[in-house]
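As provided, run_14.cif (mmCIF, C-alpha atoms) reads as follows.
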data_target
#
loop_
_atom_site.label_atom_id
_atom_site.label_comp_id
_atom_site.auth_asym_id
_atom_site.auth_seq_id
_atom_site.Cartn_x
_atom_site.Cartn_y
_atom_site.Cartn_z
CA PRO R 208 0.00 0.00 0.00
CA PHE R 209 1.05 3.58 -0.63
CA LEU R 210 2.03 5.84 2.24
CA PHE R 211 0.61 9.36 2.52
CA HIS R 212 2.67 12.25 3.85
CA ASN R 213 -0.03 13.86 6.00
CA GLY R 214 1.26 13.26 9.54
CA TYR R 215 3.97 15.30 11.17
CA THR R 216 7.33 13.98 12.30
CA LYS R 217 10.63 15.42 13.52
CA ASN R 218 12.59 12.76 11.62
CA SER R 219 13.82 14.37 8.38
CA LEU R 220 14.60 11.00 6.72
CA ILE R 221 11.07 9.73 7.36
CA LYS R 222 9.68 13.00 6.00
CA LYS R 223 11.67 12.57 2.80
CA VAL R 224 10.53 8.97 2.37
CA LEU R 225 6.89 9.91 2.93
CA LYS R 226 7.20 12.82 0.50
CA ILE R 227 8.58 10.51 -2.18
CA SER R 228 5.71 8.07 -1.57
CA ASP R 229 3.28 10.93 -2.21
CA ASP R 230 5.07 11.93 -5.39
CA ILE R 231 4.85 8.44 -6.90
CA ASN R 232 1.31 7.72 -5.70
CA PRO R 233 -1.06 7.85 -8.72
CA LEU R 234 -4.05 8.46 -6.46
CA VAL R 235 -2.54 11.77 -5.34
CA PHE R 236 -2.21 12.90 -8.96
CA LEU R 237 -5.67 11.66 -9.98
CA ASN R 238 -7.43 13.46 -7.11
CA GLN R 239 -5.68 16.83 -7.24
CA ASP R 240 -8.63 18.36 -9.10
CA LEU R 241 -10.73 17.90 -5.94
CA LEU R 242 -8.95 20.93 -4.47
CA THR R 243 -10.55 23.14 -7.12
CA SER R 244 -13.99 22.22 -5.77
CA LEU R 245 -13.18 24.00 -2.50
CA ASP R 246 -13.41 27.71 -1.73
CA GLN R 247 -10.06 29.28 -2.61
CA ILE R 248 -7.95 31.43 -0.28
CA GLU R 249 -4.76 33.14 -1.41
CA LEU R 250 -2.46 35.10 0.90
CA VAL R 251 -0.18 37.72 -0.63
CA LEU R 252 2.89 38.06 1.61
CA SER R 253 5.93 40.31 1.35
CA PRO R 254 9.49 39.04 1.92
CA LYS R 255 9.38 40.63 5.41
CA ASP R 256 6.15 38.74 6.18
CA LEU R 257 7.74 35.46 5.16
CA ILE R 258 10.86 36.17 7.25
CA HIS R 259 8.70 36.98 10.28
CA LEU R 260 6.75 33.72 10.00
CA LYS R 261 9.97 31.75 9.49
CA GLU R 262 11.55 33.29 12.60
CA ARG R 263 8.42 32.73 14.70
CA LYS R 264 8.33 29.12 13.57
CA ALA R 265 12.02 28.54 14.32
CA GLN R 266 11.58 29.97 17.82
CA ALA R 267 8.49 27.81 18.44
CA ILE R 268 10.32 24.67 17.36
CA ALA R 269 13.32 25.54 19.53
CA GLU R 270 11.14 26.19 22.61
CA ASP R 271 8.63 23.43 21.77
CA TYR R 272 5.66 25.81 22.05
CA LEU R 273 4.37 28.97 20.38
CA SER R 274 4.71 31.87 22.79
CA LYS R 275 2.07 34.62 22.74
CA LYS R 276 4.72 37.02 23.97
CA THR R 277 6.24 37.20 20.50
CA GLU R 278 2.98 37.70 18.58
CA ASN R 279 3.25 40.30 15.85
CA PRO R 280 0.46 39.86 13.26
CA ARG R 281 1.38 40.91 9.73
CA SER R 282 -0.91 43.05 7.57
CA VAL R 283 -1.48 41.21 4.29
CA GLU R 284 -3.83 40.89 1.34
CA LEU R 285 -6.19 37.93 1.51
CA LYS R 286 -8.09 36.81 -1.59
CA TYR R 287 -11.25 34.77 -1.04
CA ASN R 288 -12.46 33.22 -4.29
CA GLY R 289 -10.57 35.96 -6.14
CA VAL R 290 -11.89 38.95 -4.14
CA SER R 291 -9.31 40.88 -2.10
CA TYR R 292 -9.67 41.77 1.60
CA LYS R 293 -7.39 43.42 4.14
CA ALA R 294 -6.26 40.99 6.83
CA LYS R 295 -3.68 40.23 9.50
CA ILE R 296 -2.03 36.83 9.95
CA ASP R 297 0.30 35.03 12.32
CA LEU R 298 1.16 31.46 13.24
CA HIS R 299 -1.47 29.46 15.12
CA GLY R 300 -1.27 26.60 17.60
CA SER R 301 0.23 25.91 21.00
CA ILE R 302 1.78 22.59 20.08
CA TYR R 303 4.17 21.08 17.54
CA SER R 304 1.63 19.52 15.19
CA HIS R 305 0.58 22.96 13.91
CA TRP R 306 4.01 24.18 12.78
CA ALA R 307 6.26 21.09 12.55
CA ASP R 308 6.18 20.86 8.74
CA GLU R 309 6.40 23.39 5.94
CA LYS R 310 2.61 23.42 5.86
CA THR R 311 1.73 25.53 8.89
CA SER R 312 -1.45 26.54 10.74
CA LEU R 313 -2.24 30.25 10.60
CA ALA R 314 -4.38 32.70 12.58
CA VAL R 315 -6.32 35.19 10.43
CA LYS R 316 -8.13 38.42 11.29
CA ILE R 317 -10.15 40.19 8.60
CA ASN R 318 -10.53 43.97 8.81
CA LYS R 319 -14.04 44.53 10.25
CA LYS R 320 -14.67 47.25 7.67
CA GLU R 321 -14.55 44.56 5.00
CA ASP R 322 -17.70 42.77 3.88
CA PHE R 323 -16.29 39.26 4.17
CA PRO R 324 -18.68 36.74 2.55
CA LEU R 325 -18.80 34.20 5.38
CA GLY R 326 -19.83 36.80 7.95
CA ILE R 327 -16.78 36.00 10.10
CA TYR R 328 -13.75 38.13 10.93
CA LYS R 329 -11.46 35.92 12.99
CA PHE R 330 -10.60 32.39 11.98
CA LYS R 331 -7.83 29.84 11.85
CA LEU R 332 -6.42 28.00 8.85
CA ILE R 333 -5.51 24.64 10.35
CA VAL R 334 -3.49 21.83 8.82
CA PRO R 335 -5.82 18.78 8.64
CA HIS R 336 -3.47 16.52 10.59
CA GLY R 337 -3.69 19.10 13.39
CA ARG R 338 -7.34 18.09 13.70
CA SER R 339 -6.91 14.33 13.13
CA TYR R 340 -7.96 14.63 9.49
CA THR R 341 -11.76 14.28 9.04
CA ALA R 342 -12.81 13.65 12.67
CA PRO R 343 -14.14 17.26 13.12
CA LEU R 344 -16.49 16.79 10.15
CA LEU R 345 -17.91 13.65 11.71
CA ALA R 346 -18.26 15.43 15.06
CA ASN R 347 -20.23 18.20 13.33
CA ALA R 348 -22.50 15.54 11.85
CA PHE R 349 -23.45 14.37 15.32
CA PHE R 350 -23.90 17.91 16.66
CA ASP R 351 -26.22 18.56 13.71
CA ALA R 352 -28.10 15.33 14.40
CA LEU R 353 -28.78 16.67 17.89
CA ASN R 354 -29.88 20.06 16.44
CA TYR R 355 -27.08 21.79 18.33
CA ASN R 356 -25.98 24.94 16.52
CA LYS R 357 -23.83 26.63 19.14
CA LYS R 358 -20.65 25.91 17.22
CA PRO R 359 -18.16 27.78 15.01
CA LEU R 360 -18.13 27.56 11.23
CA LEU R 361 -15.86 24.77 10.00
CA LYS R 362 -15.09 23.96 6.37
CA LEU R 363 -12.32 22.76 4.08
CA VAL R 364 -10.65 25.34 1.86
CA ASN R 365 -7.71 25.35 -0.56
CA VAL R 366 -4.92 27.76 0.42
CA LYS R 367 -2.28 29.41 -1.73
CA ILE R 368 0.53 31.68 -0.57
CA ASN R 369 1.97 33.96 -3.25
CA SER R 370 0.44 31.69 -5.93
CA VAL R 371 2.08 28.55 -4.46
CA ASN R 372 -0.51 25.91 -3.63
CA TRP R 373 -0.38 24.84 0.03
CA GLY R 374 -3.32 22.45 -0.34
CA ALA R 375 -6.30 21.70 1.88
CA TYR R 376 -6.81 23.43 5.22
CA TYR R 377 -9.60 23.61 7.74
CA LEU R 378 -11.07 27.09 8.02
CA GLU R 379 -12.32 27.24 11.61
CA GLU R 380 -14.12 30.30 12.94
CA ASN R 381 -12.81 31.69 16.23
CA THR R 382 -15.07 31.13 19.23
CA SER R 383 -16.10 34.72 19.88
CA ASP R 384 -19.02 37.04 20.57
CA ASN R 385 -19.08 37.74 16.82
CA MET R 386 -19.73 34.02 16.27
CA LEU R 387 -22.66 34.17 18.71
CA ASP R 388 -24.09 37.17 16.84
CA ARG R 389 -23.78 35.29 13.55
CA ILE R 390 -25.81 32.33 14.82
CA GLY R 391 -28.52 34.58 16.28
CA LEU R 392 -27.47 34.87 19.94
CA PRO R 393 -26.70 38.60 20.32
CA ASN R 394 -27.20 38.67 24.11
CA ASN R 395 -24.76 35.83 24.76
CA PHE R 396 -21.09 36.17 25.63
CA ILE R 397 -18.13 33.80 25.41
CA VAL R 398 -16.57 32.76 28.72
CA LYS R 399 -13.30 30.83 28.71
CA GLN R 400 -10.32 30.02 30.86
CA THR R 401 -6.75 31.13 30.29
CA ASP R 402 -4.35 28.77 28.57
CA ASN R 403 -1.61 29.57 31.09
CA TRP R 404 -0.70 25.86 31.26
CA VAL R 405 1.21 26.31 27.98
CA GLU R 406 3.79 28.89 28.97
CA ASP R 407 3.78 28.10 32.69
CA HIS R 408 4.52 24.44 32.09
CA LYS R 409 6.73 24.66 29.05
CA THR R 410 9.03 27.22 30.66
CA ASN R 411 8.86 25.83 34.19
CA PRO R 412 8.84 22.12 35.14
CA PHE R 413 6.97 23.14 38.30
CA GLY R 414 4.26 24.98 36.37
CA VAL R 415 0.51 24.85 36.96
CA ALA R 416 -0.36 21.73 34.94
CA TYR R 417 -0.93 18.43 36.75
CA TYR R 418 0.25 16.38 33.79
CA HIS R 419 1.18 18.67 30.97
CA ASP R 420 -1.90 20.44 29.68
CA HIS R 421 -5.42 21.80 30.19
CA ILE R 422 -6.39 20.44 33.63
CA THR R 423 -4.79 22.65 36.30
CA PRO R 424 -5.39 23.26 40.02
CA PHE R 425 -7.04 26.57 39.06
CA ILE R 426 -9.73 25.11 36.81
CA THR R 427 -12.53 26.24 39.17
CA GLU R 428 -10.94 29.50 40.29
CA ILE R 429 -12.52 32.76 39.19
CA SER R 430 -9.04 34.25 38.66
CA ASN R 431 -8.55 31.82 35.76
CA ILE R 432 -11.32 33.41 33.62
CA SER R 433 -9.62 35.09 30.65
CA SER R 434 -12.25 37.16 28.82
CA LYS R 435 -13.38 40.76 29.35
CA TYR R 436 -17.06 41.66 29.20
CA ALA R 437 -17.29 45.46 29.29
CA MET R 438 -20.55 46.61 30.90
CA HIS R 439 -21.70 43.04 31.67
CA SER R 440 -18.57 41.95 33.52
CA GLU R 441 -20.17 42.03 36.99
CA VAL R 442 -23.06 39.80 35.89
CA ILE R 443 -20.94 37.30 33.92
CA ILE R 444 -18.12 37.02 36.46
CA GLY R 445 -20.76 36.70 39.18
CA ALA R 446 -22.39 33.82 37.30
CA ALA R 447 -19.02 32.08 36.87
CA HIS R 448 -18.37 32.52 40.59
CA LYS R 449 -21.76 30.93 41.36
CA LEU R 450 -20.93 27.96 39.09
CA TYR R 451 -17.53 27.39 40.68
CA THR R 452 -19.00 27.71 44.18
CA LEU R 453 -21.60 25.03 43.42
CA ILE R 454 -18.87 22.70 42.09
CA ASN R 455 -16.42 23.34 44.92
CA ASN R 456 -19.15 22.88 47.57
CA SER R 457 -20.50 19.72 45.87
CA ASN R 458 -23.98 21.26 45.38
CA PHE R 459 -24.50 19.15 42.27
CA ASP R 460 -28.32 19.14 42.44
CA LYS R 461 -28.36 22.93 41.93
CA LEU R 462 -26.26 22.97 38.74
CA GLY R 463 -29.42 23.40 36.65
CA SER R 464 -29.82 26.89 38.13
CA ILE R 465 -26.70 28.12 36.33
CA LEU R 466 -26.17 25.58 33.50
CA ASN R 467 -28.42 24.81 30.52
CA LEU R 468 -28.50 21.08 31.26
CA ASN R 469 -30.15 20.21 27.94
CA ASP R 470 -27.37 21.93 25.96
CA PHE R 471 -24.68 20.26 28.05
CA ALA R 472 -26.36 16.87 27.62
CA LYS R 473 -26.26 17.19 23.82
CA TYR R 474 -22.63 18.26 23.84
CA ASP R 475 -21.59 15.59 26.32
CA ALA R 476 -23.46 12.85 24.41
CA ALA R 477 -21.53 13.60 21.21
CA LEU R 478 -18.18 13.71 23.05
CA THR R 479 -18.98 10.46 24.85
CA LEU R 480 -19.71 8.71 21.56
CA PHE R 481 -16.28 9.89 20.37
CA GLY R 482 -14.55 8.74 23.57
CA ASN R 483 -13.39 12.34 23.81
CA SER R 484 -12.40 14.09 27.05
CA HIS R 485 -9.91 16.44 25.38
CA ASP R 486 -12.29 19.04 23.94
CA ASN R 487 -14.03 19.73 27.27
CA ALA R 488 -10.85 19.87 29.38
CA GLY R 489 -9.77 23.17 30.92
CA ASP R 490 -9.24 25.98 28.44
CA ASN R 491 -10.44 23.77 25.56
CA LEU R 492 -14.01 24.17 26.85
CA LYS R 493 -15.58 27.44 25.72
CA LEU R 494 -18.91 28.50 27.24
CA SER R 495 -21.55 31.00 26.21
CA TYR R 496 -23.47 32.90 28.88
CA SER R 497 -27.02 34.03 28.11
CA LEU R 498 -28.03 37.30 29.78
CA LYS R 499 -31.68 36.45 29.10
CA GLU R 500 -31.60 32.92 30.50
CA GLY R 501 -28.91 33.49 33.13
CA LYS R 502 -27.21 30.20 32.27
CA PHE R 503 -24.11 28.80 30.60
CA SER R 504 -24.06 26.53 27.53
CA PRO R 505 -21.07 24.77 25.92
CA ILE R 506 -19.68 25.74 22.52
CA ALA R 507 -19.60 22.58 20.40
CA ARG R 508 -16.26 22.30 18.67
CA SER R 509 -13.99 19.39 17.89
CA GLU R 510 -10.21 19.36 17.75
CA GLY R 511 -10.38 15.97 16.09
CA VAL R 512 -9.98 13.52 18.96
CA LEU R 513 -11.65 10.18 18.21
CA LEU R 514 -10.99 7.29 20.60
CA PRO R 515 -12.52 3.85 21.26
CA LEU R 516 -15.10 3.77 24.04
CA ARG R 517 -14.02 2.11 27.28
CA ILE R 518 -16.48 0.94 29.88
CA HIS R 519 -15.60 1.78 33.51
CA GLY R 520 -17.60 0.05 36.22
CA GLY R 521 -20.50 -0.59 33.87
CA SER R 522 -20.54 3.01 32.60
CA PHE R 523 -18.59 5.14 30.15
CA ALA R 524 -19.61 8.40 31.81
CA VAL R 525 -16.04 8.62 33.07
CA THR R 526 -14.95 9.20 29.46
CA THR R 527 -15.76 12.93 29.52
CA ALA R 528 -15.28 13.40 33.28
CA ASN R 529 -11.56 12.58 33.27
CA PHE R 530 -8.66 13.78 31.16
CA ARG R 531 -5.34 11.92 31.24
CA GLY R 532 -5.89 10.63 34.74
CA GLN R 533 -7.15 13.91 36.18
CA PRO R 534 -10.83 14.56 37.02
CA ASN R 535 -12.61 17.28 35.08
CA PRO R 536 -14.44 19.09 37.93
CA LEU R 537 -17.35 20.43 35.86
CA PHE R 538 -18.24 17.16 34.13
CA THR R 539 -17.55 15.11 37.25
CA ALA R 540 -20.12 17.32 38.99
CA LEU R 541 -22.61 17.05 36.13
CA ILE R 542 -22.73 13.24 36.08
CA GLN R 543 -23.67 13.35 39.77
CA ASN R 544 -26.80 15.34 38.91
CA LYS R 545 -29.67 12.87 38.37
CA LYS R 546 -31.64 15.11 35.99
CA TYR R 547 -28.53 15.64 33.88
CA ARG R 548 -27.74 11.93 33.65
CA ILE R 549 -31.26 11.25 32.35
CA LEU R 550 -30.95 14.01 29.73
CA LYS R 551 -27.50 12.88 28.63
CA TYR R 552 -28.46 9.23 28.15
CA LYS R 553 -31.62 10.22 26.28
CA ARG R 554 -29.42 12.14 23.84
CA LEU R 555 -27.00 9.22 23.58
CA ASN R 556 -29.90 6.88 22.94
CA HIS R 557 -31.14 9.20 20.18
CA LEU R 558 -27.71 9.22 18.53
CA LEU R 559 -27.36 5.45 18.71
CA ILE R 560 -30.88 4.72 17.42
CA ASN R 561 -30.38 7.12 14.51
CA PHE R 562 -26.70 6.35 13.98
CA ASP R 563 -27.08 4.70 10.56
CA GLU R 564 -29.35 7.47 9.25
CA THR R 565 -27.08 10.21 10.56
CA PHE R 566 -23.94 8.60 9.22
CA LYS R 567 -25.52 7.89 5.84
CA LYS R 568 -26.64 11.52 5.52
CA TYR R 569 -23.04 12.72 5.77
CA THR R 570 -21.26 9.80 4.10
CA THR R 571 -20.94 11.46 0.68
CA ASP R 572 -19.57 14.69 2.09
CA ILE R 573 -17.15 12.92 4.42
CA GLU R 574 -15.93 10.54 1.71
CA THR R 575 -15.18 13.49 -0.57
CA SER R 576 -13.39 15.27 2.27
CA ASN R 577 -11.40 12.12 2.98
CA LYS R 578 -10.16 12.05 -0.60
CA ILE R 579 -9.27 15.75 -0.53
CA ILE R 580 -7.26 15.42 2.69
CA PHE R 581 -5.58 12.06 2.21
CA TYR R 582 -4.60 12.61 -1.42
CA ASP R 583 -3.25 16.08 -0.66
CA SER R 584 0.43 16.43 0.23
CA SER R 585 1.22 17.89 3.66
CA ASP R 586 3.92 20.16 2.31
CA PRO R 587 3.36 22.93 -0.24
CA GLU R 588 4.18 22.17 -3.85
CA ASP R 589 7.55 23.21 -5.18
CA SER R 590 7.46 26.80 -6.37
#

Show me this structure written as structure tokens.
Amino acid sequence: PFLFHNGYTKNSLIKKVLKISDDINPLVFLNQDLLTSLDQIELVLSPKDLIHLKERKAQAIAEDYLSKKTENPRSVELKYNGVSYKAKIDLHGSIYSHWADEKTSLAVKINKKEDFPLGIYKFKLIVPHGRSYTAPLLANAFFDALNYNKKPLLKLVNVKINSVNWGAYYLEENTSDNMLDRIGLPNNFIVKQTDNWVEDHKTNPFGVAYYHDHITPFITEISNISSKYAMHSEVIIGAAHKLYTLINNSNFDKLGSILNLNDFAKYDAALTLFGNSHDNAGDNLKLSYSLKEGKFSPIARSEGVLLPLRIHGGSFAVTTANFRGQPNPLFTALIQNKKYRILKYKRLNHLLINFDETFKKYTTDIETSNKIIFYDSSDPEDS
């Protein structure tokens, strides 16, 4: 069988072998026209822009993480299906998989004065292997099957830089208040935790992370909230404080007073089916707070984790309540709420009963996406 150069590796010899296997694989050549079926993005970068990205990448590789302290977004021209827009770009991703190869994940910010066709202004261009290939598309299929729309826009696009084809990328909308406005939730606000585990741990072996990411001792501390809320800060921070107090005091039966249990049940059901405790761990979990309802809901997004289910003590509820050996306080609390457990397993039952129908509905789209991703080289074509 042919090998496909889509994964990342630090071994230069392996990279060369995999690249050669791509070059001689007839399926890669025969399926290249699939890229033209995608929306097209071209970035026009100056020599200084390219040098900046190269230096940022070299520093990230040397330090084994991408520091926010050296952020310096570059003003560039971005063409979307041939129409030009003003934008700023920089590298994206805390970990190695995003910038290990020539093909690199990027953060993009469109000038808000521009009438960008997708109605979004901040998004990421993510290398598919940084999201475990097509797993996010399948996750979206299950969120859709549960009629859960509190999620960012996600789609495959073809990216070029200075006319050089860099191949397929995921365009993923940033989780932001602008996203909530776009989906019809103008009185909702994003609440998230800091990602201080990255720099604190990477630069200090005695940093805040228990293991090495996401779950920290400060996961239910109000000081770990990262966002700013202008005139609504007192209400939103107060609500977060109420949530953390309920968790820390083990008042699990009262969680429904501050959490939209139905929304959490849908989100948790999909993650459970994926065996996924990564996307709801620490700063990975993004919440929206509704001023009207006075409750939090989860933002449904997938970073591509797809694992086999494992039964623990007759239940797989532990799947989303633990991450790498550490308990996730919020989801550990939720599964001890009887009403929540009933809601969650109803949603799981719905997914399982309708699994074949749901999967069949998205099979064509996912199969096409599979071909686009797996027959597309990880590194940009030779210029």

Length of the atom CA of Asn491 of chain R to atom CA of Ile390 of chain R vector [Å]: 20.6 Å

Coordinates-based distance that separates atom CA of Pro280 of chain R from atom CA of Val315 of chain R (Å, one decimal):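 These two atoms are separated by 8.7 Å.
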
Nearest to Ala472 of chain R, chosen from R:Ala267, R:Ala446, R:Ile549, R:Leu558, with all atoms listed in the file counted in the distances: R:Ile549

Counting all atoms listed in the file, the residue of R:Arg389, R:Lys293, R:His305, R:Arg508 that sits nearest Leu273 of chain R: R:His305

Output of the PyMOL selection byres ((chain R and resi 503) around 9), listed as a list in words: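 Given this file, the PyMOL selection byres ((chain R and resi 503) around 9) evaluates to Val398, Ala446, Ala447, Ile465, Leu466, Asn467, Leu468, Asp470, Phe471, Leu494, Ser495, Tyr496, Ser497, Glu500, Gly501, Lys502, Ser504 and Pro505 of chain R.
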
Dump as an mmCIF file, in the frame of the given file, selection limited to C-alpha atoms:
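Result file is again-v4.cif:
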data_model
loop_
_atom_site.group_PDB
_atom_site.id
_atom_site.type_symbol
_atom_site.label_atom_id
_atom_site.label_comp_id
_atom_site.auth_asym_id
_atom_site.auth_seq_id
_atom_site.Cartn_x
_atom_site.Cartn_y
_atom_site.Cartn_z
ATOM 1 C CA VAL R 398 -16.570 32.760 28.720
ATOM 2 C CA ALA R 446 -22.390 33.820 37.300
ATOM 3 C CA ALA R 447 -19.020 32.080 36.870
ATOM 4 C CA ILE R 465 -26.700 28.120 36.330
ATOM 5 C CA LEU R 466 -26.170 25.580 33.500
ATOM 6 C CA ASN R 467 -28.420 24.810 30.520
ATOM 7 C CA LEU R 468 -28.500 21.080 31.260
ATOM 8 C CA ASP R 470 -27.370 21.930 25.960
ATOM 9 C CA PHE R 471 -24.680 20.260 28.050
ATOM 10 C CA LEU R 494 -18.910 28.500 27.240
ATOM 11 C CA SER R 495 -21.550 31.000 26.210
ATOM 12 C CA TYR R 496 -23.470 32.900 28.880
ATOM 13 C CA SER R 497 -27.020 34.030 28.110
ATOM 14 C CA GLU R 500 -31.600 32.920 30.500
ATOM 15 C CA GLY R 501 -28.910 33.490 33.130
ATOM 16 C CA LYS R 502 -27.210 30.200 32.270
ATOM 17 C CA SER R 504 -24.060 26.530 27.530
ATOM 18 C CA PRO R 505 -21.070 24.770 25.920
#

Distance criterion (all atoms listed in the file): nearest to His299 of chain R out of R:Glu284, R:Asp384, R:Glu278, R:Glu249: R:Glu278

Computed interatomic separation between atom CA of Asn469 of chain R and atom CA of Leu550 of chain R (Å):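 We find that atom CA of Asn469 of chain R and atom CA of Leu550 of chain R lie 6.5 Å from each other.
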
Working from the structure I just supplied, which lacks atoms in segment 365-389 of chain R, can you model N, CA and C atoms there and output them as an mmCIF file, in the frame of the given file?
data_model
loop_
_atom_site.group_PDB
_atom_site.id
_atom_site.type_symbol
_atom_site.label_atom_id
_atom_site.label_comp_id
_atom_site.auth_asym_id
_atom_site.auth_seq_id
_atom_site.Cartn_x
_atom_site.Cartn_y
_atom_site.Cartn_z
ATOM 1 N N ASN R 365 -9.019 25.504 0.070
ATOM 2 C CA ASN R 365 -7.710 25.350 -0.560
ATOM 3 C C ASN R 365 -6.941 26.656 -0.393
ATOM 4 N N VAL R 366 -5.702 26.562 0.100
ATOM 5 C CA VAL R 366 -4.920 27.760 0.420
ATOM 6 C C VAL R 366 -3.701 27.872 -0.496
ATOM 7 N N LYS R 367 -3.489 29.080 -0.994
ATOM 8 C CA LYS R 367 -2.280 29.410 -1.730
ATOM 9 C C LYS R 367 -1.583 30.568 -1.042
ATOM 10 N N ILE R 368 -0.256 30.561 -1.079
ATOM 11 C CA ILE R 368 0.530 31.680 -0.570
ATOM 12 C C ILE R 368 1.436 32.151 -1.698
ATOM 13 N N ASN R 369 1.222 33.396 -2.122
ATOM 14 C CA ASN R 369 1.970 33.960 -3.250
ATOM 15 C C ASN R 369 1.926 33.027 -4.458
ATOM 16 N N SER R 370 0.733 32.544 -4.765
ATOM 17 C CA SER R 370 0.440 31.690 -5.930
ATOM 18 C C SER R 370 0.952 30.261 -5.793
ATOM 19 N N VAL R 371 1.630 29.927 -4.684
ATOM 20 C CA VAL R 371 2.080 28.550 -4.460
ATOM 21 C C VAL R 371 0.989 27.803 -3.699
ATOM 22 N N ASN R 372 0.591 26.652 -4.225
ATOM 23 C CA ASN R 372 -0.510 25.910 -3.630
ATOM 24 C C ASN R 372 -0.048 25.180 -2.363
ATOM 25 N N TRP R 373 -0.686 25.486 -1.240
ATOM 26 C CA TRP R 373 -0.380 24.840 0.030
ATOM 27 C C TRP R 373 -1.411 23.755 0.367
ATOM 28 N N GLY R 374 -2.385 23.559 -0.499
ATOM 29 C CA GLY R 374 -3.320 22.450 -0.340
ATOM 30 C C GLY R 374 -4.470 22.714 0.606
ATOM 31 N N ALA R 375 -5.089 21.624 1.057
ATOM 32 C CA ALA R 375 -6.300 21.700 1.880
ATOM 33 C C ALA R 375 -5.996 22.117 3.313
ATOM 34 N N TYR R 376 -6.852 22.982 3.827
ATOM 35 C CA TYR R 376 -6.810 23.430 5.220
ATOM 36 C C TYR R 376 -8.225 23.419 5.774
ATOM 37 N N TYR R 377 -8.331 23.313 7.075
ATOM 38 C CA TYR R 377 -9.600 23.610 7.740
ATOM 39 C C TYR R 377 -9.668 25.108 8.003
ATOM 40 N N LEU R 378 -10.758 25.730 7.592
ATOM 41 C CA LEU R 378 -11.070 27.090 8.020
ATOM 42 C C LEU R 378 -11.998 26.934 9.221
ATOM 43 N N GLU R 379 -11.536 27.367 10.382
ATOM 44 C CA GLU R 379 -12.320 27.240 11.610
ATOM 45 C C GLU R 379 -12.518 28.615 12.243
ATOM 46 N N GLU R 380 -13.769 29.018 12.342
ATOM 47 C CA GLU R 380 -14.120 30.300 12.940
ATOM 48 C C GLU R 380 -13.681 30.364 14.393
ATOM 49 N N ASN R 381 -13.160 31.521 14.827
ATOM 50 C CA ASN R 381 -12.810 31.690 16.230
ATOM 51 C C ASN R 381 -14.069 31.674 17.089
ATOM 52 N N THR R 382 -13.964 31.096 18.259
ATOM 53 C CA THR R 382 -15.070 31.130 19.230
ATOM 54 C C THR R 382 -15.083 32.515 19.841
ATOM 55 N N SER R 383 -16.079 33.315 19.473
ATOM 56 C CA SER R 383 -16.100 34.720 19.880
ATOM 57 C C SER R 383 -17.532 35.220 19.966
ATOM 58 N N ASP R 384 -17.692 36.431 20.518
ATOM 59 C CA ASP R 384 -19.020 37.040 20.570
ATOM 60 C C ASP R 384 -19.551 37.286 19.162
ATOM 61 N N ASN R 385 -18.659 37.562 18.204
ATOM 62 C CA ASN R 385 -19.080 37.740 16.820
ATOM 63 C C ASN R 385 -19.712 36.452 16.280
ATOM 64 N N MET R 386 -19.158 35.295 16.668
ATOM 65 C CA MET R 386 -19.730 34.020 16.270
ATOM 66 C C MET R 386 -21.149 33.867 16.821
ATOM 67 N N LEU R 387 -21.335 34.264 18.093
ATOM 68 C CA LEU R 387 -22.660 34.170 18.710
ATOM 69 C C LEU R 387 -23.661 35.085 18.001
ATOM 70 N N ASP R 388 -23.221 36.270 17.608
ATOM 71 C CA ASP R 388 -24.090 37.170 16.840
ATOM 72 C C ASP R 388 -24.485 36.536 15.522
ATOM 73 N N ARG R 389 -23.510 35.884 14.872
ATOM 74 C CA ARG R 389 -23.780 35.290 13.550
ATOM 75 C C ARG R 389 -24.822 34.184 13.630
#
